[in-house]
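> My file is work29.txt. It has compact mmCIF, C-alpha atoms:
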# COMPACT_ATOMS: atom_id res chain seq x y z
CA MET H 1 40.43 9.31 9.96
CA SER H 2 39.97 6.05 8.01
CA PRO H 3 37.35 5.70 5.25
CA SER H 4 35.34 3.31 7.38
CA SER H 5 35.23 5.84 10.21
CA ARG H 6 34.00 8.54 7.87
CA HIS H 7 31.30 6.21 6.60
CA PRO H 8 29.85 4.26 9.55
CA ALA H 9 27.39 2.42 7.30
CA ARG H 10 30.38 0.53 5.90
CA LEU H 11 31.11 -0.82 9.35
CA VAL H 12 27.69 -2.48 9.31
CA VAL H 13 28.52 -4.27 6.06
CA PHE H 14 31.99 -5.30 7.20
CA GLY H 15 30.68 -6.48 10.56
CA PHE H 16 27.91 -8.62 9.13
CA GLY H 17 30.26 -9.96 6.47
CA ALA H 18 32.77 -11.03 9.11
CA VAL H 19 30.08 -12.76 11.18
CA ALA H 20 28.83 -14.59 8.06
CA VAL H 21 32.34 -15.79 7.20
CA ILE H 22 32.97 -17.03 10.75
CA GLY H 23 29.56 -18.73 10.79
CA THR H 24 30.30 -20.42 7.46
CA ALA H 25 33.60 -21.79 8.75
CA LEU H 26 31.99 -23.15 11.92
CA LEU H 27 29.07 -24.73 10.03
CA MET H 28 31.57 -26.57 7.82
CA LEU H 29 33.00 -28.37 10.86
CA PRO H 30 31.96 -32.05 11.13
CA VAL H 31 30.69 -31.45 14.67
CA ALA H 32 28.02 -29.13 13.24
CA THR H 33 26.19 -31.96 11.44
CA GLU H 34 24.29 -35.01 12.66
CA SER H 35 26.34 -37.28 10.37
CA ARG H 36 29.62 -35.78 11.65
CA THR H 37 30.71 -35.04 8.09
CA SER H 38 31.78 -31.68 6.71
CA THR H 39 29.14 -29.57 4.96
CA GLY H 40 29.95 -28.08 1.55
CA VAL H 41 31.05 -24.47 1.46
CA VAL H 42 28.06 -23.26 -0.58
CA THR H 43 25.52 -24.89 1.74
CA ALA H 44 27.33 -23.61 4.83
CA LEU H 45 27.65 -20.10 3.38
CA PHE H 46 24.01 -20.01 2.31
CA THR H 47 22.85 -21.15 5.75
CA ALA H 48 25.13 -18.74 7.62
CA VAL H 49 24.05 -15.74 5.55
CA SER H 50 20.41 -16.80 5.79
CA ALA H 51 20.76 -16.93 9.59
CA VAL H 52 22.73 -13.72 10.17
CA CYS H 53 20.48 -11.87 7.72
CA VAL H 54 17.47 -13.42 9.55
CA THR H 55 16.02 -14.76 6.31
CA GLY H 56 15.18 -18.41 6.89
CA LEU H 57 15.76 -19.92 3.45
CA VAL H 58 17.41 -23.32 3.76
CA VAL H 59 18.80 -25.93 1.38
CA VAL H 60 18.95 -28.67 4.03
CA ASP H 61 16.49 -29.49 6.79
CA THR H 62 17.60 -27.67 9.92
CA GLU H 63 16.78 -30.39 12.44
CA SER H 64 17.88 -33.49 10.53
CA HIS H 65 21.05 -32.10 8.94
CA TRP H 66 22.54 -29.99 11.71
CA SER H 67 23.58 -31.28 15.11
CA THR H 68 22.66 -29.54 18.34
CA PHE H 69 25.90 -27.59 18.02
CA GLY H 70 24.96 -26.56 14.47
CA GLU H 71 21.46 -25.55 15.52
CA LEU H 72 22.76 -23.49 18.42
CA LEU H 73 25.26 -21.87 16.07
CA ILE H 74 22.43 -20.96 13.68
CA LEU H 75 20.43 -19.61 16.64
CA GLY H 76 23.41 -17.52 17.69
CA LEU H 77 23.78 -16.10 14.19
CA ILE H 78 20.06 -15.24 14.20
CA GLN H 79 20.38 -13.44 17.53
CA ILE H 80 23.48 -11.56 16.42
CA GLY H 81 21.81 -10.59 13.16
CA GLY H 82 18.59 -9.47 14.80
CA LEU H 83 20.10 -7.55 17.69
CA GLY H 84 22.85 -6.15 15.50
CA ILE H 85 20.63 -4.79 12.79
CA MET H 86 18.18 -3.24 15.27
CA THR H 87 20.98 -1.63 17.26
CA LEU H 88 23.03 -0.41 14.33
CA ALA H 89 20.03 0.81 12.36
CA SER H 90 18.77 2.72 15.41
CA LEU H 91 22.19 4.27 15.96
CA LEU H 92 22.52 5.22 12.30
CA GLY H 93 19.05 6.72 12.46
CA LEU H 94 20.18 8.73 15.48
CA LEU H 95 23.17 9.94 13.51
CA VAL H 96 21.02 11.08 10.62
CA ALA H 97 18.43 12.67 12.90
CA ARG H 98 21.06 14.73 14.66
CA ARG H 99 21.83 16.46 11.35
CA MET H 100 25.43 17.08 12.35
CA GLY H 101 28.78 16.34 10.75
CA LEU H 102 29.89 12.74 11.05
CA ARG H 103 33.37 13.69 12.22
CA MET H 104 31.90 15.82 15.01
CA GLN H 105 29.54 12.99 16.01
CA LEU H 106 32.34 10.43 16.24
CA ILE H 107 34.58 12.79 18.20
CA ALA H 108 31.75 13.57 20.59
CA GLN H 109 31.09 9.89 21.25
CA SER H 110 34.72 8.82 21.60
CA GLU H 111 36.10 11.76 23.58
CA THR H 112 33.45 13.61 25.54
CA LYS H 113 31.31 10.71 26.79
CA THR H 114 28.42 13.13 27.22
CA LEU H 115 24.86 13.30 25.95
CA ARG H 116 25.33 11.60 22.61
CA LEU H 117 27.22 8.69 24.10
CA GLY H 118 24.44 8.34 26.63
CA GLU H 119 21.87 8.28 23.86
CA SER H 120 23.83 5.60 22.04
CA ARG H 121 24.10 3.58 25.22
CA ARG H 122 20.36 3.88 25.87
CA VAL H 123 19.64 2.65 22.35
CA VAL H 124 21.87 -0.41 22.76
CA VAL H 125 20.54 -1.24 26.23
CA GLY H 126 16.95 -0.62 25.13
CA VAL H 127 17.25 -2.91 22.09
CA ILE H 128 18.81 -5.74 24.11
CA ARG H 129 16.36 -5.40 26.99
CA MET H 130 13.28 -5.32 24.76
CA SER H 131 14.51 -8.22 22.64
CA LEU H 132 15.32 -10.50 25.57
CA LEU H 133 12.05 -9.65 27.32
CA VAL H 134 9.86 -10.45 24.31
CA GLU H 135 11.84 -13.58 23.49
CA ALA H 136 11.62 -14.81 27.09
CA LEU H 137 7.85 -14.27 27.36
CA VAL H 138 7.16 -15.98 24.04
CA ALA H 139 9.55 -18.81 24.92
CA VAL H 140 7.67 -19.48 28.16
CA VAL H 141 4.31 -19.69 26.38
CA LEU H 142 5.68 -21.91 23.61
CA THR H 143 7.52 -24.16 26.07
CA ILE H 144 4.37 -24.73 28.13
CA ARG H 145 2.41 -25.53 24.98
CA PHE H 146 5.04 -27.91 23.59
CA MET H 147 5.17 -29.72 26.92
CA THR H 148 1.43 -29.92 27.61
CA GLY H 149 0.11 -30.30 24.07
CA TYR H 150 2.79 -32.27 22.26
CA ASP H 151 4.52 -34.28 25.00
CA GLU H 152 7.84 -32.50 24.49
CA THR H 153 9.06 -32.90 28.04
CA GLY H 154 12.24 -31.77 29.78
CA TRP H 155 14.94 -29.84 27.99
CA ARG H 156 13.47 -30.71 24.59
CA GLY H 157 10.37 -28.65 25.31
CA VAL H 158 12.44 -25.74 26.59
CA TYR H 159 14.76 -25.96 23.60
CA LEU H 160 11.88 -25.88 21.12
CA GLY H 161 10.27 -22.95 22.91
CA VAL H 162 13.46 -20.87 23.07
CA PHE H 163 14.53 -21.65 19.51
CA HIS H 164 11.22 -20.71 17.91
CA ALA H 165 10.77 -17.65 20.14
CA ILE H 166 14.15 -16.23 19.08
CA SER H 167 13.56 -17.15 15.45
CA ALA H 168 10.10 -15.52 15.53
CA TYR H 169 11.11 -12.27 17.22
CA ASN H 170 14.02 -11.84 14.83
CA ASN H 171 11.78 -12.58 11.84
CA ALA H 172 14.18 -15.37 10.88
CA GLY H 173 11.73 -18.10 9.91
CA PHE H 174 13.98 -20.99 10.94
CA ALA H 175 12.02 -23.89 12.43
CA LEU H 176 13.00 -27.26 13.87
CA TYR H 177 10.37 -29.01 11.80
CA GLU H 178 10.77 -30.02 8.18
CA ASP H 179 7.38 -28.53 7.24
CA SER H 180 7.90 -25.35 9.32
CA LEU H 181 4.67 -24.76 11.30
CA ILE H 182 2.25 -26.75 9.13
CA GLY H 183 1.79 -29.24 11.95
CA PHE H 184 0.61 -26.42 14.23
CA ALA H 185 -1.51 -24.54 11.69
CA THR H 186 -4.70 -24.65 13.76
CA ASP H 187 -3.11 -24.32 17.21
CA PRO H 188 -3.52 -20.71 18.41
CA TRP H 189 -1.23 -21.35 21.41
CA ILE H 190 1.66 -21.79 18.95
CA ILE H 191 0.59 -19.52 16.10
CA VAL H 192 -0.51 -16.46 18.09
CA PRO H 193 2.62 -16.05 20.29
CA ILE H 194 4.86 -16.46 17.25
CA THR H 195 2.77 -13.90 15.36
CA VAL H 196 2.96 -11.39 18.22
CA ALA H 197 6.73 -11.89 18.43
CA PHE H 198 7.45 -11.23 14.77
CA ILE H 199 5.09 -8.25 14.66
CA ILE H 200 6.88 -6.59 17.60
CA GLY H 201 10.27 -7.32 16.08
CA GLY H 202 9.12 -6.23 12.65
CA LEU H 203 7.76 -2.85 13.75
CA GLY H 204 11.21 -1.70 14.80
CA PHE H 205 12.73 -0.59 18.08
CA PRO H 206 12.09 3.17 17.61
CA VAL H 207 8.37 2.58 17.08
CA VAL H 208 7.95 0.09 19.93
CA PHE H 209 9.98 2.29 22.28
CA GLU H 210 7.95 5.40 21.45
CA VAL H 211 4.61 3.63 21.83
CA ARG H 212 5.66 2.09 25.13
CA ARG H 213 6.91 5.42 26.41
CA SER H 214 3.64 7.17 25.53
CA LEU H 215 1.58 4.43 27.18
CA ARG H 216 3.59 4.74 30.38
CA ARG H 217 2.82 8.45 30.59
CA ARG H 218 -0.39 9.56 32.24
CA MET H 219 -2.66 10.71 29.44
CA PRO H 220 -6.37 11.53 29.60
CA ALA H 221 -8.60 8.64 28.61
CA GLY H 222 -9.30 8.56 24.90
CA SER H 223 -6.70 11.19 24.05
CA PRO H 224 -4.97 10.64 20.68
CA PRO H 225 -1.24 9.83 20.47
CA HIS H 226 -0.55 13.37 19.27
CA ARG H 227 3.01 13.28 20.53
CA TRP H 228 4.03 10.34 18.40
CA SER H 229 6.58 11.15 15.72
CA VAL H 230 5.61 11.10 12.06
CA HIS H 231 7.81 8.04 11.62
CA THR H 232 5.88 6.09 14.25
CA LYS H 233 2.51 7.15 12.87
CA ILE H 234 3.48 6.23 9.31
CA THR H 235 4.88 2.87 10.37
CA LEU H 236 1.86 1.83 12.42
CA ILE H 237 -0.74 3.07 9.94
CA THR H 238 0.95 1.54 6.90
CA TYR H 239 1.87 -1.74 8.61
CA PHE H 240 -1.65 -2.49 9.77
CA LEU H 241 -3.27 -1.08 6.63
CA LEU H 242 -1.25 -3.56 4.55
CA ALA H 243 -2.29 -6.29 7.00
CA ALA H 244 -5.93 -5.27 6.60
CA VAL H 245 -5.55 -5.64 2.83
CA GLY H 246 -3.23 -8.64 2.67
CA ILE H 247 -5.03 -10.94 5.10
CA PRO H 248 -8.48 -10.78 3.42
CA ALA H 249 -6.89 -11.08 -0.03
CA ILE H 250 -4.99 -14.25 0.84
CA ILE H 251 -7.99 -15.77 2.60
CA ALA H 252 -10.25 -14.97 -0.35
CA PHE H 253 -7.91 -16.37 -3.00
CA GLU H 254 -7.16 -19.56 -1.05
CA TRP H 255 -10.58 -20.12 0.54
CA THR H 256 -11.56 -23.00 -1.74
CA ASN H 257 -8.08 -24.23 -2.66
CA PRO H 258 -8.11 -27.94 -1.66
CA ALA H 259 -4.34 -27.91 -1.17
CA THR H 260 -4.30 -24.96 1.25
CA LEU H 261 -7.29 -23.47 3.11
CA GLY H 262 -9.97 -25.63 1.52
CA PRO H 263 -10.04 -28.50 4.07
CA PHE H 264 -10.24 -26.23 7.15
CA ASN H 265 -13.39 -25.02 8.86
CA THR H 266 -14.19 -21.30 8.93
CA ALA H 267 -12.45 -20.52 12.23
CA HIS H 268 -9.30 -22.35 11.20
CA LYS H 269 -9.33 -20.71 7.78
CA LEU H 270 -9.33 -17.31 9.45
CA LEU H 271 -6.48 -18.29 11.79
CA VAL H 272 -4.30 -19.86 9.10
CA GLY H 273 -5.12 -17.18 6.52
CA GLY H 274 -4.45 -14.41 9.01
CA PHE H 275 -1.08 -15.92 9.84
CA HIS H 276 -0.15 -16.11 6.17
CA GLY H 277 -1.28 -12.56 5.63
CA LEU H 278 1.23 -11.40 8.22
CA SER H 279 4.11 -13.83 7.78
CA PRO H 280 5.36 -12.28 4.50
CA ARG H 281 6.19 -9.09 6.46
CA THR H 282 8.89 -10.76 6.96
CA ALA H 283 8.55 -13.65 9.41
CA GLY H 284 9.16 -16.49 6.97
CA PHE H 285 7.18 -19.16 8.83
CA ASN H 286 4.51 -21.05 6.92
CA SER H 287 1.58 -23.09 8.17
CA LEU H 288 0.44 -23.94 4.64
CA ASP H 289 2.17 -25.45 1.63
CA VAL H 290 3.29 -22.26 -0.13
CA GLY H 291 4.04 -24.15 -3.33
CA ALA H 292 0.37 -25.15 -3.57
CA MET H 293 -0.90 -21.57 -3.48
CA ASN H 294 -2.54 -19.93 -6.49
CA SER H 295 -0.42 -17.72 -8.71
CA SER H 296 -2.44 -14.67 -7.66
CA THR H 297 -1.70 -15.44 -3.99
CA LEU H 298 2.00 -15.79 -4.74
CA LEU H 299 1.96 -12.37 -6.39
CA ILE H 300 0.27 -10.82 -3.34
CA ASN H 301 2.98 -12.41 -1.21
CA ASP H 302 5.62 -10.94 -3.52
CA ILE H 303 4.23 -7.45 -2.93
CA LEU H 304 3.95 -7.86 0.84
CA MET H 305 7.46 -9.33 1.06
CA PHE H 306 8.99 -6.56 -1.03
CA ILE H 307 7.45 -3.84 1.16
CA GLY H 308 8.49 -5.57 4.39
CA GLY H 309 8.19 -4.12 7.88
CA GLY H 310 9.36 -1.20 9.98
CA SER H 311 12.72 0.54 9.93
CA ALA H 312 15.37 -0.36 12.54
CA GLY H 313 13.61 -3.66 13.21
CA THR H 314 14.20 -7.28 12.37
CA ALA H 315 12.02 -7.20 9.25
CA GLY H 316 13.38 -6.74 5.73
CA GLY H 317 12.05 -5.27 2.50
CA ILE H 318 12.22 -1.64 1.45
CA LYS H 319 10.30 -0.85 4.67
CA VAL H 320 6.76 0.42 5.12
CA THR H 321 7.97 3.99 5.63
CA THR H 322 9.61 4.03 2.20
CA PHE H 323 6.45 2.64 0.62
CA ALA H 324 4.23 5.16 2.43
CA LEU H 325 6.44 8.13 1.56
CA LEU H 326 6.32 7.19 -2.12
CA ALA H 327 2.52 7.03 -1.88
CA PHE H 328 2.43 10.53 -0.38
CA VAL H 329 4.72 11.82 -3.15
CA ILE H 330 2.42 10.37 -5.80
CA MET H 331 -0.66 11.82 -4.12
CA ALA H 332 0.92 15.28 -3.99
CA GLU H 333 1.91 15.09 -7.65
CA VAL H 334 -1.56 13.93 -8.73
CA ARG H 335 -3.10 16.83 -6.83
CA GLY H 336 -0.65 19.29 -8.37
CA GLU H 337 0.72 20.36 -5.00
CA PRO H 338 4.23 21.90 -4.99
CA THR H 339 5.26 20.25 -1.71
CA VAL H 340 4.54 16.92 -0.04
CA HIS H 341 2.71 16.99 3.29
CA VAL H 342 2.63 13.95 5.60
CA LEU H 343 0.42 13.91 8.69
CA GLY H 344 0.72 17.61 9.37
CA ARG H 345 4.38 17.93 8.38
CA ARG H 346 6.13 18.93 5.16
CA LEU H 347 8.30 16.17 3.75
CA ALA H 348 11.84 17.31 2.99
CA ALA H 349 12.94 16.96 -0.63
CA PRO H 350 16.06 14.91 0.25
CA VAL H 351 13.87 12.34 2.02
CA GLN H 352 11.73 12.02 -1.10
CA ARG H 353 14.81 11.39 -3.24
CA GLN H 354 16.12 8.84 -0.75
CA ALA H 355 12.84 6.92 -0.80
CA VAL H 356 12.77 6.86 -4.61
CA THR H 357 16.41 5.76 -4.77
CA VAL H 358 15.99 2.92 -2.27
CA ALA H 359 12.82 1.65 -3.95
CA LEU H 360 14.11 1.77 -7.53
CA LEU H 361 17.47 0.20 -6.71
CA SER H 362 15.61 -2.54 -4.84
CA VAL H 363 13.41 -3.15 -7.86
CA GLY H 364 16.56 -3.34 -9.98
CA ALA H 365 18.12 -5.91 -7.63
CA VAL H 366 14.99 -8.09 -7.76
CA VAL H 367 14.78 -7.88 -11.56
CA PHE H 368 18.47 -8.69 -11.97
CA GLY H 369 18.23 -11.61 -9.55
CA THR H 370 15.10 -12.96 -11.21
CA VAL H 371 16.56 -12.84 -14.72
CA THR H 372 19.81 -14.41 -13.54
CA LEU H 373 18.07 -17.21 -11.67
CA LEU H 374 15.74 -17.89 -14.59
CA SER H 375 18.73 -18.35 -16.89
CA ILE H 376 20.45 -20.64 -14.37
CA THR H 377 17.53 -22.84 -13.35
CA GLY H 378 15.04 -22.73 -16.22
CA MET H 379 12.20 -22.78 -13.68
CA ASP H 380 8.88 -20.97 -14.00
CA LEU H 381 8.76 -17.22 -13.49
CA ASP H 382 6.27 -17.16 -10.61
CA VAL H 383 8.30 -19.49 -8.36
CA VAL H 384 11.63 -17.89 -9.28
CA LEU H 385 10.31 -14.38 -8.65
CA PHE H 386 8.88 -15.55 -5.32
CA GLU H 387 12.24 -17.03 -4.29
CA VAL H 388 14.18 -13.91 -5.33
CA VAL H 389 11.84 -11.50 -3.54
CA SER H 390 11.87 -13.73 -0.46
CA ALA H 391 15.68 -13.70 -0.43
CA PHE H 392 16.05 -9.97 -1.09
CA ALA H 393 13.39 -9.04 1.46
CA THR H 394 14.93 -11.54 3.94
CA VAL H 395 11.60 -13.32 4.39
CA GLY H 396 12.46 -17.00 4.07
CA LEU H 397 9.22 -18.25 2.52
CA SER H 398 9.71 -20.63 -0.38
CA THR H 399 7.62 -22.62 -2.81
CA GLY H 400 9.99 -25.54 -2.21
CA ILE H 401 12.54 -24.95 -4.97
CA THR H 402 15.47 -23.85 -2.80
CA ALA H 403 17.05 -27.29 -2.42
CA GLY H 404 16.83 -27.88 -6.18
CA ILE H 405 18.65 -24.70 -7.19
CA PRO H 406 22.25 -25.33 -8.38
CA ASP H 407 25.20 -23.77 -6.58
CA PRO H 408 25.52 -20.71 -8.88
CA GLY H 409 21.87 -19.92 -8.20
CA LEU H 410 22.39 -20.31 -4.46
CA ILE H 411 25.28 -17.85 -4.66
CA VAL H 412 22.93 -15.37 -6.36
CA LEU H 413 20.36 -15.82 -3.59
CA THR H 414 23.09 -15.45 -0.95
CA VAL H 415 24.18 -12.13 -2.42
CA LEU H 416 20.55 -11.00 -2.60
CA MET H 417 19.99 -11.87 1.07
CA PHE H 418 23.06 -9.89 2.10
CA ILE H 419 22.21 -6.90 -0.10
CA GLY H 420 18.55 -6.97 0.87
CA ARG H 421 19.36 -7.06 4.57
CA LEU H 422 21.96 -4.31 4.61
CA GLY H 423 21.43 -2.42 1.37
CA PRO H 424 18.37 -0.27 2.19
CA ILE H 425 19.78 0.70 5.60
CA THR H 426 23.31 1.55 4.47
CA LEU H 427 22.12 3.23 1.27
CA ALA H 428 19.60 5.46 3.05
CA THR H 429 22.16 6.38 5.70
CA ALA H 430 24.86 7.12 3.15
CA LEU H 431 22.52 9.32 1.13
CA ALA H 432 21.42 11.24 4.21
CA LEU H 433 24.95 11.78 5.52
CA ARG H 434 26.31 12.83 2.13
CA GLU H 435 23.76 15.58 1.68
CA ARG H 436 25.47 18.86 0.88
CA GLY H 437 24.53 22.22 -0.57
CA ARG H 438 25.07 23.16 -4.20
CA ARG H 439 26.89 26.45 -4.85
CA TYR H 440 25.13 27.06 -8.13
CA GLU H 441 22.11 25.90 -10.11
CA LEU H 442 21.86 25.27 -13.84
CA PRO H 443 19.01 26.65 -15.98
CA GLU H 444 15.77 24.71 -15.48
CA GLU H 445 14.51 22.36 -18.18
CA ARG H 446 11.33 20.30 -18.33
CA PRO H 447 11.66 17.16 -20.51
CA ILE H 448 8.46 15.49 -21.69
CA VAL H 449 7.22 12.87 -19.21
CA GLY H 450 4.98 10.05 -20.36
How does the structure come out when it is put into structure tokens?


Amino acid sequence: MSPSSRHPARLVVFGFGAVAVIGTALLMLPVATESRTSTGVVTALFTAVSAVCVTGLVVVDTESHWSTFGELLILGLIQIGGLGIMTLASLLGLLVARRMGLRMQLIAQSETKTLRLGESRRVVVGVIRMSLLVEALVAVVLTIRFMTGYDETGWRGVYLGVFHAISAYNNAGFALYEDSLIGFATDPWIIVPITVAFIIGGLGFPVVFEVRRSLRRRMPAGSPPHRWSVHTKITLITYFLLAAVGIPAIIAFEWTNPATLGPFNTAHKLLVGGFHGLSPRTAGFNSLDVGAMNSSTLLINDILMFIGGGSAGTAGGIKVTTFALLAFVIMAEVRGEPTVHVLGRRLAAPVQRQAVTVALLSVGAVVFGTVTLLSITGMDLDVVLFEVVSAFATVGLSTGITAGIPDPGLIVLTVLMFIGRLGPITLATALALRERGRRYELPEERPIVG
């Protein structure tokens, strides 16, 4: 059996790498640009990786630089990246959950075509069906609004609706407007459907599937979702708790800022501020000038972007489950409890170590990227840190410095996007699948902490 077969997480990396390379080559073709001239390799690579990793950072304006062929290619990369990561992450999660040898799992799927193959098939079909359904519904609403409210008639209105629906659901953040969604900041018929789309995509297929399945069952009125898994409960509670903290914080800090929320009335401030409290999780659309935000607001965005959304979804970051598990570990340690309990269940020690490993390695990647980009660009720390976290967490928000970063810096951001998109998933899977017993234990020692 080949090394890649023994380690399925590697197939995810190789697959996404191959798609990025093919996308780069196609974006370099003259037919992919409006001017019919070839795009430089760094710009094409950055755009391709940003699309397949559903990030949304760009160095050239999507609508004015790329032709219709180039835009459709970017849209295809977004769809492949979104569907691929949801499907593969769900399948890898199924592998880990089964708690069985990898060799046995692969043999069962390739030779027996029984239960496990059926489960894999249901995951793939479920991801595709849910994705296309949400994208279609959002596309219809957006198309109607573009046609009736902005005179975008015919195929142009349909094209705008479909493009932004796919970009929103996949948390990609690509828009066919130079200022993203600033021109629609106070239009709820544009902002709300896009928000719903990226929330559903960002929660993750396992969570959405479990919630939908429980709602379809006949349950007594008012009964709690007691049958939800701990993963679903943690994801929903943490996701919306962070929203409940992030939205008021951003609104409060930007309420009087004349360059952001200041000019709006109260209702529009709540709409725009609410959108920007959710977008860092990791939609990447902006309806305000991010570069004009206060430093404190940028820091809040850094935190929200780094945490990200749900596992096996289109969002990036270290994931809300990782963040929540670390919080439970800290709470147990502060209380002096020997084990960690989460919502009526005891948290396994290997899961605790995996959460710590993913979080600390992610912090290391952000620190390394920030220091490297600071040395390359000489820009201020707050905007560089924002750009690095946005790239690593595959968010796509920017203070406007992306186009001014030299090629070496763009390469750094490209690597961060790729690592940030695939790193937490492949690392967590590899750690879980490599778990093995120890035949002996060394004498215990307790070094001084603090």

> In Å, with one decimal, what is the gap from CA of Gly70 in chain H to CA of Ser167 in chain H?

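So the answer is 14.8 Å.
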
> Let me make sure I understand: among H:Ala25, H:Val123, H:Cys53, H:Leu347, which one has the smallest atom-to-atom distance to Gln79 in chain H if we use all atoms listed in the file?

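Closest candidate: H:Cys53.
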
> Give me the residues near range 197-212 of chain H as a PDB file with C-alpha atoms, keeping the file's coordinate frame, where near means some atom within 8 Å (using only C-alpha atoms) and where sequence neighbours in that chain fewer than 4 positions away do not count.


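Now in around03.pdb:
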ATOM      1  CA  MET H  86      18.180  -3.240  15.270  1.00  0.00           C
ATOM      2  CA  SER H  90      18.770   2.720  15.410  1.00  0.00           C
ATOM      3  CA  VAL H 127      17.250  -2.910  22.090  1.00  0.00           C
ATOM      4  CA  SER H 131      14.510  -8.220  22.640  1.00  0.00           C
ATOM      5  CA  VAL H 134       9.860 -10.450  24.310  1.00  0.00           C
ATOM      6  CA  GLU H 135      11.840 -13.580  23.490  1.00  0.00           C
ATOM      7  CA  VAL H 138       7.160 -15.980  24.040  1.00  0.00           C
ATOM      8  CA  ALA H 165      10.770 -17.650  20.140  1.00  0.00           C
ATOM      9  CA  ALA H 168      10.100 -15.520  15.530  1.00  0.00           C
ATOM     10  CA  TYR H 169      11.110 -12.270  17.220  1.00  0.00           C
ATOM     11  CA  ASN H 170      14.020 -11.840  14.830  1.00  0.00           C
ATOM     12  CA  ASN H 171      11.780 -12.580  11.840  1.00  0.00           C
ATOM     13  CA  PRO H 193       2.620 -16.050  20.290  1.00  0.00           C
ATOM     14  CA  ARG H 216       3.590   4.740  30.380  1.00  0.00           C
ATOM     15  CA  TRP H 228       4.030  10.340  18.400  1.00  0.00           C
ATOM     16  CA  HIS H 231       7.810   8.040  11.620  1.00  0.00           C
ATOM     17  CA  THR H 232       5.880   6.090  14.250  1.00  0.00           C
ATOM     18  CA  THR H 235       4.880   2.870  10.370  1.00  0.00           C
ATOM     19  CA  LEU H 236       1.860   1.830  12.420  1.00  0.00           C
ATOM     20  CA  TYR H 239       1.870  -1.740   8.610  1.00  0.00           C
ATOM     21  CA  ARG H 281       6.190  -9.090   6.460  1.00  0.00           C
ATOM     22  CA  THR H 282       8.890 -10.760   6.960  1.00  0.00           C
ATOM     23  CA  ALA H 283       8.550 -13.650   9.410  1.00  0.00           C
ATOM     24  CA  GLY H 309       8.190  -4.120   7.880  1.00  0.00           C
ATOM     25  CA  GLY H 310       9.360  -1.200   9.980  1.00  0.00           C
ATOM     26  CA  SER H 311      12.720   0.540   9.930  1.00  0.00           C
ATOM     27  CA  ALA H 312      15.370  -0.360  12.540  1.00  0.00           C
ATOM     28  CA  GLY H 313      13.610  -3.660  13.210  1.00  0.00           C
ATOM     29  CA  THR H 314      14.200  -7.280  12.370  1.00  0.00           C
ATOM     30  CA  ALA H 315      12.020  -7.200   9.250  1.00  0.00           C
TER      31      ALA H 315
END

> Hey, what's within 12 Å of Gly369 in chain H if we count only C-alpha atoms and toss same-chain stuff fewer than 6 positions away? As a CSV table (one decimal) with C-alpha atoms, in the frame of the given file, please?


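Result saved to around34.csv:
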chain,number,residue,atom,x,y,z
H,362,SER,CA,15.6,-2.5,-4.8
H,363,VAL,CA,13.4,-3.2,-7.9
H,375,SER,CA,18.7,-18.4,-16.9
H,376,ILE,CA,20.4,-20.6,-14.4
H,377,THR,CA,17.5,-22.8,-13.4
H,381,LEU,CA,8.8,-17.2,-13.5
H,384,VAL,CA,11.6,-17.9,-9.3
H,385,LEU,CA,10.3,-14.4,-8.6
H,386,PHE,CA,8.9,-15.6,-5.3
H,387,GLU,CA,12.2,-17.0,-4.3
H,388,VAL,CA,14.2,-13.9,-5.3
H,389,VAL,CA,11.8,-11.5,-3.5
H,390,SER,CA,11.9,-13.7,-0.5
H,391,ALA,CA,15.7,-13.7,-0.4
H,392,PHE,CA,16.0,-10.0,-1.1
H,408,PRO,CA,25.5,-20.7,-8.9
H,409,GLY,CA,21.9,-19.9,-8.2
H,410,LEU,CA,22.4,-20.3,-4.5
H,411,ILE,CA,25.3,-17.8,-4.7
H,412,VAL,CA,22.9,-15.4,-6.4
H,413,LEU,CA,20.4,-15.8,-3.6
H,414,THR,CA,23.1,-15.4,-1.0
H,415,VAL,CA,24.2,-12.1,-2.4
H,416,LEU,CA,20.6,-11.0,-2.6
H,417,MET,CA,20.0,-11.9,1.1
H,419,ILE,CA,22.2,-6.9,-0.1
H,420,GLY,CA,18.6,-7.0,0.9

> Mind pulling up the distance from CA of Leu72 in chain H to CA of Phe163 in chain H?

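So the answer is 8.5 Å.
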
> Using CA of Thr238 in chain H and CA of Gly277 in chain H as the two end points, give the distance in Å to one decimal.

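Atom-to-atom, CA of Thr238 in chain H and CA of Gly277 in chain H are spaced 14.3 Å apart.
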
> Is there a way to get, as a PyMOL selection string, all residues within 12 Å of the point (28.5, -19.7, 4.5) in file coordinates, counting all atoms listed in the file?

chain H and resi 17-29+39-53+58-59+74+77+410-411+414-415+418

> Leaving out range 263-268 of chain H and any residue of its chain fewer than 4 positions from it, which residues lie within 7 Å of it when counting all atoms listed in the file, given as a short mmCIF file (atom, residue, chain, number, x, y, z; two decimals) with C-alpha atoms, keeping the file's coordinate frame?


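In the end it all went to part-v1.cif:
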data_model
loop_
_atom_site.label_atom_id
_atom_site.label_comp_id
_atom_site.auth_asym_id
_atom_site.auth_seq_id
_atom_site.Cartn_x
_atom_site.Cartn_y
_atom_site.Cartn_z
CA THR H 186 -4.70 -24.65 13.76
CA PRO H 258 -8.11 -27.94 -1.66
CA VAL H 272 -4.30 -19.86 9.10
#

> Which residues, written as a list in words, have at least one atom at most 8 Å from Arg145 in chain H, with only C-alpha atoms counted and residues fewer than 5 positions away on the same chain left out?

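My list of contacting residues is Tyr150, Trp189 and Ile190 of chain H.
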
> Of the candidates H:Asn257, H:Asn286, H:Thr62, H:Thr370, which shows the shortest atom-to-atom distance to Asp382 in chain H, using all atoms listed in the file?

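Checking each of H:Asn257, H:Asn286, H:Thr62, H:Thr370 against Asp382 in chain H, counting all atoms listed in the file, the winner is H:Thr370.
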